[in-house]
$ cat structure.txt   # compact mmCIF, C-alpha atoms
# COMPACT_ATOMS: atom_id res chain seq x y z
CA MET A 1 15.05 89.73 -121.96
CA TYR A 2 17.91 87.51 -123.19
CA ASN A 3 20.57 89.52 -121.33
CA PHE A 4 18.41 89.64 -118.19
CA ILE A 5 17.95 85.85 -118.14
CA ARG A 6 21.65 85.37 -118.91
CA SER A 7 22.56 87.55 -115.92
CA LEU A 8 20.22 85.62 -113.62
CA LEU A 9 21.59 82.27 -114.77
CA ALA A 10 25.19 83.45 -114.44
CA LEU A 11 24.51 84.74 -110.91
CA TYR A 12 22.80 81.49 -109.89
CA TYR A 13 25.58 79.23 -111.18
CA LYS A 14 28.37 81.44 -109.83
CA ILE A 15 26.81 81.41 -106.35
CA PHE A 16 25.87 77.74 -106.13
CA TYR A 17 28.45 75.98 -108.36
CA LYS A 18 32.07 76.20 -109.39
CA VAL A 19 31.99 76.06 -113.18
CA THR A 20 35.14 75.62 -115.28
CA ILE A 21 35.16 75.80 -119.07
CA ILE A 22 38.00 74.36 -121.16
CA ASN A 23 38.50 75.47 -124.80
CA LYS A 24 35.66 77.99 -124.53
CA GLU A 25 36.95 79.91 -127.57
CA LYS A 26 36.13 77.00 -129.90
CA ILE A 27 32.45 77.81 -129.47
CA GLU A 28 32.80 81.57 -128.99
CA ASN A 29 34.58 81.87 -132.37
CA ALA A 30 32.22 79.52 -134.21
CA LYS A 31 29.53 80.53 -136.67
CA GLY A 32 26.74 78.46 -138.16
CA VAL A 33 27.73 75.20 -136.44
CA VAL A 34 26.04 72.51 -134.39
CA ILE A 35 27.38 71.88 -130.88
CA SER A 36 26.63 68.48 -129.43
CA GLY A 37 27.41 66.73 -126.15
CA ASN A 38 26.32 64.45 -123.35
CA HIS A 39 23.04 65.07 -121.54
CA LEU A 40 22.89 64.56 -117.78
CA SER A 41 20.50 67.11 -116.33
CA ASN A 42 18.00 69.90 -116.98
CA HIS A 43 20.92 72.19 -116.09
CA ASP A 44 22.67 71.33 -119.36
CA PRO A 45 21.05 73.81 -121.80
CA LEU A 46 21.03 76.54 -119.12
CA LEU A 47 24.77 76.42 -118.41
CA PHE A 48 25.64 77.74 -121.87
CA PRO A 49 23.86 81.12 -121.77
CA ALA A 50 25.26 81.58 -118.27
CA PHE A 51 28.90 81.18 -119.33
CA PHE A 52 29.13 81.73 -123.09
CA ASP A 53 28.78 85.08 -124.84
CA LYS A 54 27.82 83.27 -128.04
CA LYS A 55 24.07 82.77 -128.26
CA ILE A 56 23.34 79.06 -128.64
CA ARG A 57 19.90 77.86 -129.71
CA PHE A 58 19.46 74.51 -127.98
CA ILE A 59 16.95 71.98 -129.20
CA ALA A 60 15.01 71.01 -126.07
CA LYS A 61 12.16 68.59 -125.45
CA GLU A 62 8.84 70.42 -125.38
CA GLU A 63 8.10 69.09 -121.87
CA LEU A 64 10.78 71.43 -120.48
CA PHE A 65 8.72 74.38 -121.70
CA LYS A 66 6.09 73.45 -119.10
CA ILE A 67 8.43 73.93 -116.08
CA ILE A 68 8.29 77.35 -114.42
CA PHE A 69 11.48 79.42 -114.87
CA VAL A 70 13.00 76.74 -117.11
CA LYS A 71 10.33 77.68 -119.68
CA GLN A 72 11.12 81.40 -119.37
CA ALA A 73 14.87 80.76 -119.53
CA LEU A 74 14.59 78.51 -122.60
CA GLU A 75 12.29 80.91 -124.44
CA ALA A 76 14.50 83.90 -123.63
CA THR A 77 17.61 82.09 -124.89
CA GLY A 78 15.89 81.10 -128.12
CA ALA A 79 15.65 77.36 -127.46
CA ILE A 80 13.86 75.29 -130.08
CA PRO A 81 11.11 73.01 -128.73
CA ILE A 82 10.98 69.53 -130.25
CA LYS A 83 8.46 66.70 -129.92
CA ARG A 84 10.32 63.60 -128.82
CA GLY A 85 9.69 60.28 -130.50
CA THR A 86 8.58 61.87 -133.75
CA PHE A 87 10.18 63.37 -136.84
CA ASP A 88 9.50 66.99 -135.85
CA ARG A 89 9.87 68.58 -139.28
CA ALA A 90 9.21 72.13 -138.04
CA ALA A 91 11.96 71.97 -135.39
CA ILE A 92 14.43 70.39 -137.82
CA ASN A 93 13.74 72.87 -140.61
CA ASN A 94 13.97 75.78 -138.15
CA SER A 95 17.35 74.50 -136.92
CA ILE A 96 18.71 74.18 -140.47
CA LYS A 97 17.48 77.69 -141.31
CA LEU A 98 19.19 79.14 -138.21
CA LEU A 99 22.47 77.38 -139.05
CA ARG A 100 22.41 78.75 -142.59
CA GLU A 101 21.92 82.22 -141.08
CA GLY A 102 25.09 81.75 -139.05
CA GLU A 103 23.58 80.89 -135.67
CA VAL A 104 24.82 78.11 -133.38
CA VAL A 105 22.42 75.25 -132.61
CA GLY A 106 22.88 72.85 -129.67
CA ILE A 107 21.74 69.22 -129.81
CA PHE A 108 22.00 66.41 -127.26
CA PRO A 109 22.45 63.26 -129.39
CA GLU A 110 21.24 60.96 -126.61
CA GLY A 111 17.87 62.69 -126.80
CA THR A 112 17.24 62.20 -123.09
CA ARG A 113 19.21 62.47 -119.86
CA SER A 114 21.69 59.69 -119.18
CA HIS A 115 21.65 59.55 -115.32
CA SER A 116 24.94 57.60 -115.44
CA LYS A 117 27.20 58.50 -112.51
CA GLU A 118 30.11 57.04 -114.50
CA LEU A 119 29.19 59.41 -117.39
CA ASN A 120 28.54 56.49 -119.73
CA LEU A 121 26.78 57.69 -122.86
CA GLY A 122 23.28 56.45 -123.65
CA GLU A 123 21.83 55.38 -126.98
CA SER A 124 22.47 58.03 -129.62
CA HIS A 125 20.25 59.44 -132.35
CA ASN A 126 21.23 60.94 -135.69
CA GLY A 127 19.73 64.43 -135.22
CA ALA A 128 23.05 66.28 -135.00
CA SER A 129 24.39 64.56 -138.12
CA PHE A 130 21.16 65.04 -140.06
CA ILE A 131 20.83 68.74 -139.27
CA ALA A 132 24.56 69.51 -139.72
CA THR A 133 24.81 67.74 -143.07
CA ARG A 134 21.60 69.32 -144.37
CA ALA A 135 22.99 72.73 -143.40
CA LYS A 136 26.41 71.74 -144.85
CA THR A 137 28.24 72.59 -141.65
CA LYS A 138 30.35 71.19 -138.81
CA ILE A 139 29.69 69.72 -135.37
CA ILE A 140 31.63 70.80 -132.28
CA PRO A 141 31.56 68.10 -129.57
CA PHE A 142 31.48 69.00 -125.89
CA THR A 143 31.08 67.24 -122.58
CA ILE A 144 29.61 68.28 -119.25
CA ILE A 145 31.31 66.71 -116.23
CA PRO A 146 29.75 67.31 -112.78
CA ASN A 147 31.83 66.05 -109.87
CA LYS A 148 28.85 65.41 -107.54
CA ASN A 149 25.86 65.00 -109.83
CA PHE A 150 25.00 68.75 -109.81
CA ARG A 151 24.64 68.96 -106.04
CA ILE A 152 24.67 72.51 -104.69
CA PHE A 153 28.20 73.90 -104.17
CA SER A 154 29.75 71.15 -106.29
CA SER A 155 31.87 71.77 -109.38
CA ILE A 156 30.94 71.39 -113.05
CA LYS A 157 33.36 71.22 -115.95
CA ILE A 158 32.45 71.90 -119.58
CA VAL A 159 35.04 70.73 -122.09
CA VAL A 160 34.85 71.67 -125.77
CA GLY A 161 36.49 69.49 -128.42
CA ASP A 162 37.67 69.92 -132.00
CA GLU A 163 35.11 70.34 -134.75
CA ILE A 164 33.94 67.46 -136.93
CA ASP A 165 33.29 68.35 -140.56
CA ALA A 166 29.98 66.54 -140.89
CA ALA A 167 29.27 67.93 -144.37
CA ALA A 168 32.63 66.68 -145.69
CA LEU A 169 32.09 63.25 -144.09
CA LYS A 170 28.70 63.00 -145.77
CA GLU A 171 30.22 63.91 -149.13
CA GLU A 172 32.79 61.15 -148.59
CA GLY A 173 29.90 58.69 -148.37
CA LYS A 174 29.58 58.33 -144.58
CA SER A 175 26.09 57.51 -143.34
CA HIS A 176 24.34 59.38 -140.53
CA ASP A 177 24.97 56.36 -138.29
CA GLU A 178 28.69 56.55 -139.02
CA ILE A 179 28.89 60.32 -138.47
CA THR A 180 26.96 59.96 -135.20
CA ALA A 181 29.35 57.18 -134.11
CA ILE A 182 32.31 59.50 -134.78
CA LEU A 183 30.62 62.25 -132.74
CA MET A 184 29.89 59.94 -129.80
CA GLU A 185 33.48 58.66 -129.88
CA LYS A 186 34.78 62.23 -129.67
CA ILE A 187 32.45 62.99 -126.73
CA SER A 188 33.62 59.77 -125.00
CA GLU A 189 37.26 60.76 -125.52
CA LEU A 190 36.62 64.16 -123.90
CA ILE A 191 34.96 62.47 -120.92
CA ALA A 192 37.78 59.93 -120.52
CA LYS A 193 40.44 62.63 -120.72
CA GLU A 194 38.88 65.13 -118.31
CA LYS A 195 36.90 63.26 -115.66
$ encode --input "structure.txt" --output "structure tokens"
Amino acid sequence: MYNFIRSLLALYYKIFYKVTIINKEKIENAKGVVISGNHLSNHDPLLFPAFFDKKIRFIAKEELFKIIFVKQALEATGAIPIKRGTFDRAAINNSIKLLREGEVVGIFPEGTRSHSKELNLGESHNGASFIATRAKTKIIPFTIIPNKNFRIFSSIKIVVGDEIDAAALKEEGKSHDEITAILMEKISELIAKEK
């Protein structure tokens, strides 16, 4: 089912969008890490199975699992449903377990879509830092840059940055707020450099 959904997503995005990925290998070669980036659209978690061979288990709001096709795509790609506005212990513990088993988990630190045409980042949450430090692993920042707000036949760029050793930062005494601020700064730098 996973490969079937991947093929459908890849076909859809290759027909209707021009997608470019920069530094793809930084995720493809990763193991047991969190990837984290800006959140603009419901397209975001679906672009990764379409263009990355590495299976990425995105944490996605449970409301998305009620949308036809999006639900099937998320379930087939192993997405982790999370209840927004609460401390969803089951989703967090599941994510940590997957990371310790060597899987890659995707988190959008803004928690909700930004809608900013200038790609300004919204308010961030500490989920990526919390999960990465509990799993004693790293965070790889990324950014998604659409040139026409995901309109059909427009182009989309995904840029992957250098990893942040969240576990080491925590051991140095950094708080989750500080680690999250470092992550958001790295995402902002990717946006500023590539847009």
$ atom_distance --input "structure.txt" --atom1 "CA of Lys170 (chain A)" --atom2 "CA of Ile107 (chain A)"
18.5 Å
$ residues_around --input "structure.txt" --residues "Gly85 (chain A)" --least-positions-apart "5" --cutoff "12 Å" --atoms "all atoms listed in the file" --output "list in words"
Lys61, Glu62, Gly111, Thr112, His125 and Gly127 of chain A
$ write_last_selection --input "structure.txt" --atoms "C-alpha atoms" --output "PDB file, keeping the file's coordinate frame"
ATOM      1  CA  LYS A  61      12.160  68.590-125.450  1.00  0.00           C
ATOM      2  CA  GLU A  62       8.840  70.420-125.380  1.00  0.00           C
ATOM      3  CA  GLY A 111      17.870  62.690-126.800  1.00  0.00           C
ATOM      4  CA  THR A 112      17.240  62.200-123.090  1.00  0.00           C
ATOM      5  CA  HIS A 125      20.250  59.440-132.350  1.00  0.00           C
ATOM      6  CA  GLY A 127      19.730  64.430-135.220  1.00  0.00           C
TER       7      GLY A 127
END
$ atom_distance --input "structure.txt" --atom1 "CA of Tyr2 (chain A)" --atom2 "CA of Ala73 (chain A)"
8.3 Å
$ closest_residue --input "structure.txt" --among "A:Lys71, A:Met1, A:Lys18, A:Tyr12" --to "Ile158 (chain A)" --atoms "all atoms listed in the file"
A:Lys18
$ atom_distance --input "structure.txt" --atom1 "CA of Arg89 (chain A)" --atom2 "CA of Glu101 (chain A)"
18.3 Å
$ residues_near_point --input "structure.txt" --point "(21.5, 83.1, -131.5)" --cutoff "10 Å" --atoms "all atoms listed in the file" --output "JSON, numbers by chain"
{"A": [31, 32, 54, 55, 56, 57, 58, 77, 78, 79, 98, 99, 101, 102, 103, 104, 105]}
$ closest_atom_pairs --input "structure.txt" --of "region 5-86 of chain A" --to "region 176-189 of chain A" --cutoff "12 Å" --atoms "all atoms listed in the file" --output "JSON lines"
{"residue": "A:Val34", "atom": "CA", "partner": "A:Leu183", "partner_atom": "CA", "distance": 11.4}
{"residue": "A:Ile35", "atom": "CA", "partner": "A:Leu183", "partner_atom": "CA", "distance": 10.3}
{"residue": "A:Ser36", "atom": "CA", "partner": "A:Leu183", "partner_atom": "CA", "distance": 8.1}
{"residue": "A:Gly37", "atom": "CA", "partner": "A:Ile187", "partner_atom": "CA", "distance": 6.3}
{"residue": "A:Asn38", "atom": "CA", "partner": "A:Ile187", "partner_atom": "CA", "distance": 7.2}
{"residue": "A:His39", "atom": "CA", "partner": "A:Ile187", "partner_atom": "CA", "distance": 10.9}
$ decode --input "structure.txt" --residues "region 145-192 of chain A" --atoms "N, CA and C atoms" --output "mmCIF file, in the first residue's frame"
data_model
loop_
_atom_site.group_PDB
_atom_site.id
_atom_site.type_symbol
_atom_site.label_atom_id
_atom_site.label_comp_id
_atom_site.auth_asym_id
_atom_site.auth_seq_id
_atom_site.Cartn_x
_atom_site.Cartn_y
_atom_site.Cartn_z
ATOM 1 N N ILE A 145 9.262 25.937 -0.165
ATOM 2 C CA ILE A 145 9.100 27.267 -0.774
ATOM 3 C C ILE A 145 8.290 27.143 -2.068
ATOM 4 N N PRO A 146 6.981 27.449 -2.012
ATOM 5 C CA PRO A 146 6.177 27.456 -3.248
ATOM 6 C C PRO A 146 6.273 28.828 -3.914
ATOM 7 N N ASN A 147 6.361 28.868 -5.249
ATOM 8 C CA ASN A 147 6.500 30.196 -5.862
ATOM 9 C C ASN A 147 5.151 30.873 -6.121
ATOM 10 N N LYS A 148 4.052 30.091 -6.120
ATOM 11 C CA LYS A 148 2.730 30.690 -6.343
ATOM 12 C C LYS A 148 1.686 30.054 -5.420
ATOM 13 N N ASN A 149 2.062 29.878 -4.175
ATOM 14 C CA ASN A 149 1.132 29.396 -3.158
ATOM 15 C C ASN A 149 0.456 28.075 -3.541
ATOM 16 N N PHE A 150 1.224 27.154 -4.131
ATOM 17 C CA PHE A 150 0.773 25.802 -4.481
ATOM 18 C C PHE A 150 -0.287 25.776 -5.588
ATOM 19 N N ARG A 151 -0.355 26.850 -6.381
ATOM 20 C CA ARG A 151 -1.287 26.801 -7.508
ATOM 21 C C ARG A 151 -0.833 25.760 -8.520
ATOM 22 N N ILE A 152 -1.799 25.142 -9.183
ATOM 23 C CA ILE A 152 -1.509 24.104 -10.176
ATOM 24 C C ILE A 152 -0.511 24.640 -11.204
ATOM 25 N N PHE A 153 0.442 23.802 -11.577
ATOM 26 C CA PHE A 153 1.494 24.081 -12.557
ATOM 27 C C PHE A 153 2.526 25.110 -12.075
ATOM 28 N N SER A 154 2.512 25.392 -10.779
ATOM 29 C CA SER A 154 3.552 26.261 -10.217
ATOM 30 C C SER A 154 4.715 25.390 -9.735
ATOM 31 N N SER A 155 5.761 26.033 -9.246
ATOM 32 C CA SER A 155 6.921 25.274 -8.779
ATOM 33 C C SER A 155 7.003 25.297 -7.255
ATOM 34 N N ILE A 156 7.597 24.235 -6.717
ATOM 35 C CA ILE A 156 7.782 24.078 -5.274
ATOM 36 C C ILE A 156 9.231 23.666 -5.055
ATOM 37 N N LYS A 157 9.868 24.299 -4.096
ATOM 38 C CA LYS A 157 11.248 23.942 -3.759
ATOM 39 C C LYS A 157 11.292 23.445 -2.317
ATOM 40 N N ILE A 158 11.962 22.321 -2.107
ATOM 41 C CA ILE A 158 12.220 21.817 -0.755
ATOM 42 C C ILE A 158 13.725 21.890 -0.530
ATOM 43 N N VAL A 159 14.128 22.593 0.518
ATOM 44 C CA VAL A 159 15.549 22.767 0.814
ATOM 45 C C VAL A 159 15.842 22.155 2.183
ATOM 46 N N VAL A 160 16.840 21.292 2.235
ATOM 47 C CA VAL A 160 17.206 20.603 3.471
ATOM 48 C C VAL A 160 18.490 21.212 4.029
ATOM 49 N N GLY A 161 18.498 21.489 5.324
ATOM 50 C CA GLY A 161 19.655 22.120 5.959
ATOM 51 C C GLY A 161 20.530 21.127 6.718
ATOM 52 N N ASP A 162 21.489 21.671 7.434
ATOM 53 C CA ASP A 162 22.410 20.852 8.228
ATOM 54 C C ASP A 162 21.771 20.472 9.559
ATOM 55 N N GLU A 163 22.112 19.294 10.043
ATOM 56 C CA GLU A 163 21.501 18.783 11.261
ATOM 57 C C GLU A 163 21.891 19.606 12.491
ATOM 58 N N ILE A 164 20.984 19.615 13.442
ATOM 59 C CA ILE A 164 21.182 20.263 14.741
ATOM 60 C C ILE A 164 21.229 19.148 15.776
ATOM 61 N N ASP A 165 22.286 19.089 16.547
ATOM 62 C CA ASP A 165 22.413 18.030 17.555
ATOM 63 C C ASP A 165 21.634 18.437 18.802
ATOM 64 N N ALA A 166 20.349 18.143 18.789
ATOM 65 C CA ALA A 166 19.471 18.559 19.883
ATOM 66 C C ALA A 166 19.868 17.906 21.200
ATOM 67 N N ALA A 167 20.238 16.626 21.144
ATOM 68 C CA ALA A 167 20.625 15.921 22.372
ATOM 69 C C ALA A 167 21.849 16.567 23.009
ATOM 70 N N ALA A 168 22.840 16.930 22.196
ATOM 71 C CA ALA A 168 24.055 17.568 22.718
ATOM 72 C C ALA A 168 23.735 18.945 23.297
ATOM 73 N N LEU A 169 22.857 19.700 22.620
ATOM 74 C CA LEU A 169 22.468 21.019 23.126
ATOM 75 C C LEU A 169 21.776 20.906 24.481
ATOM 76 N N LYS A 170 20.936 19.880 24.617
ATOM 77 C CA LYS A 170 20.248 19.672 25.897
ATOM 78 C C LYS A 170 21.248 19.332 26.996
ATOM 79 N N GLU A 171 22.225 18.513 26.668
ATOM 80 C CA GLU A 171 23.259 18.148 27.651
ATOM 81 C C GLU A 171 24.103 19.352 28.061
ATOM 82 N N GLU A 172 24.228 20.322 27.132
ATOM 83 C CA GLU A 172 24.961 21.557 27.443
ATOM 84 C C GLU A 172 24.152 22.498 28.329
ATOM 85 N N GLY A 173 22.895 22.152 28.568
ATOM 86 C CA GLY A 173 22.061 22.973 29.441
ATOM 87 C C GLY A 173 21.053 23.848 28.718
ATOM 88 N N LYS A 174 20.951 23.717 27.386
ATOM 89 C CA LYS A 174 19.967 24.503 26.636
ATOM 90 C C LYS A 174 18.553 24.029 26.971
ATOM 91 N N SER A 175 17.644 24.975 27.067
ATOM 92 C CA SER A 175 16.238 24.637 27.318
ATOM 93 C C SER A 175 15.561 24.275 26.002
ATOM 94 N N HIS A 176 14.342 23.730 26.096
ATOM 95 C CA HIS A 176 13.586 23.420 24.875
ATOM 96 C C HIS A 176 13.275 24.701 24.098
ATOM 97 N N ASP A 177 13.006 25.786 24.813
ATOM 98 C CA ASP A 177 12.757 27.072 24.136
ATOM 99 C C ASP A 177 13.986 27.503 23.329
ATOM 100 N N GLU A 178 15.150 27.336 23.903
ATOM 101 C CA GLU A 178 16.389 27.742 23.225
ATOM 102 C C GLU A 178 16.687 26.851 22.021
ATOM 103 N N ILE A 179 16.467 25.552 22.176
ATOM 104 C CA ILE A 179 16.709 24.629 21.056
ATOM 105 C C ILE A 179 15.714 24.914 19.923
ATOM 106 N N THR A 180 14.462 25.164 20.291
ATOM 107 C CA THR A 180 13.449 25.506 19.285
ATOM 108 C C THR A 180 13.806 26.808 18.570
ATOM 109 N N ALA A 181 14.318 27.789 19.316
ATOM 110 C CA ALA A 181 14.734 29.063 18.704
ATOM 111 C C ALA A 181 15.861 28.842 17.705
ATOM 112 N N ILE A 182 16.798 27.954 18.026
ATOM 113 C CA ILE A 182 17.890 27.625 17.100
ATOM 114 C C ILE A 182 17.323 26.975 15.842
ATOM 115 N N LEU A 183 16.390 26.037 16.026
ATOM 116 C CA LEU A 183 15.750 25.373 14.886
ATOM 117 C C LEU A 183 15.042 26.382 13.991
ATOM 118 N N MET A 184 14.244 27.257 14.584
ATOM 119 C CA MET A 184 13.482 28.235 13.782
ATOM 120 C C MET A 184 14.414 29.197 13.058
ATOM 121 N N GLU A 185 15.533 29.537 13.695
ATOM 122 C CA GLU A 185 16.524 30.404 13.041
ATOM 123 C C GLU A 185 17.114 29.711 11.811
ATOM 124 N N LYS A 186 17.403 28.417 11.935
ATOM 125 C CA LYS A 186 17.953 27.664 10.808
ATOM 126 C C LYS A 186 16.951 27.569 9.659
ATOM 127 N N ILE A 187 15.661 27.365 9.996
ATOM 128 C CA ILE A 187 14.620 27.320 8.971
ATOM 129 C C ILE A 187 14.515 28.685 8.290
ATOM 130 N N SER A 188 14.547 29.763 9.082
ATOM 131 C CA SER A 188 14.484 31.124 8.522
ATOM 132 C C SER A 188 15.651 31.398 7.597
ATOM 133 N N GLU A 189 16.835 30.936 7.973
ATOM 134 C CA GLU A 189 18.025 31.127 7.130
ATOM 135 C C GLU A 189 17.869 30.415 5.796
ATOM 136 N N LEU A 190 17.301 29.203 5.815
ATOM 137 C CA LEU A 190 17.069 28.466 4.562
ATOM 138 C C LEU A 190 16.081 29.226 3.660
ATOM 139 N N ILE A 191 15.029 29.755 4.275
ATOM 140 C CA ILE A 191 14.036 30.515 3.511
ATOM 141 C C ILE A 191 14.680 31.751 2.897
ATOM 142 N N ALA A 192 15.415 32.508 3.698
ATOM 143 C CA ALA A 192 16.049 33.744 3.224
ATOM 144 C C ALA A 192 17.046 33.476 2.094
#
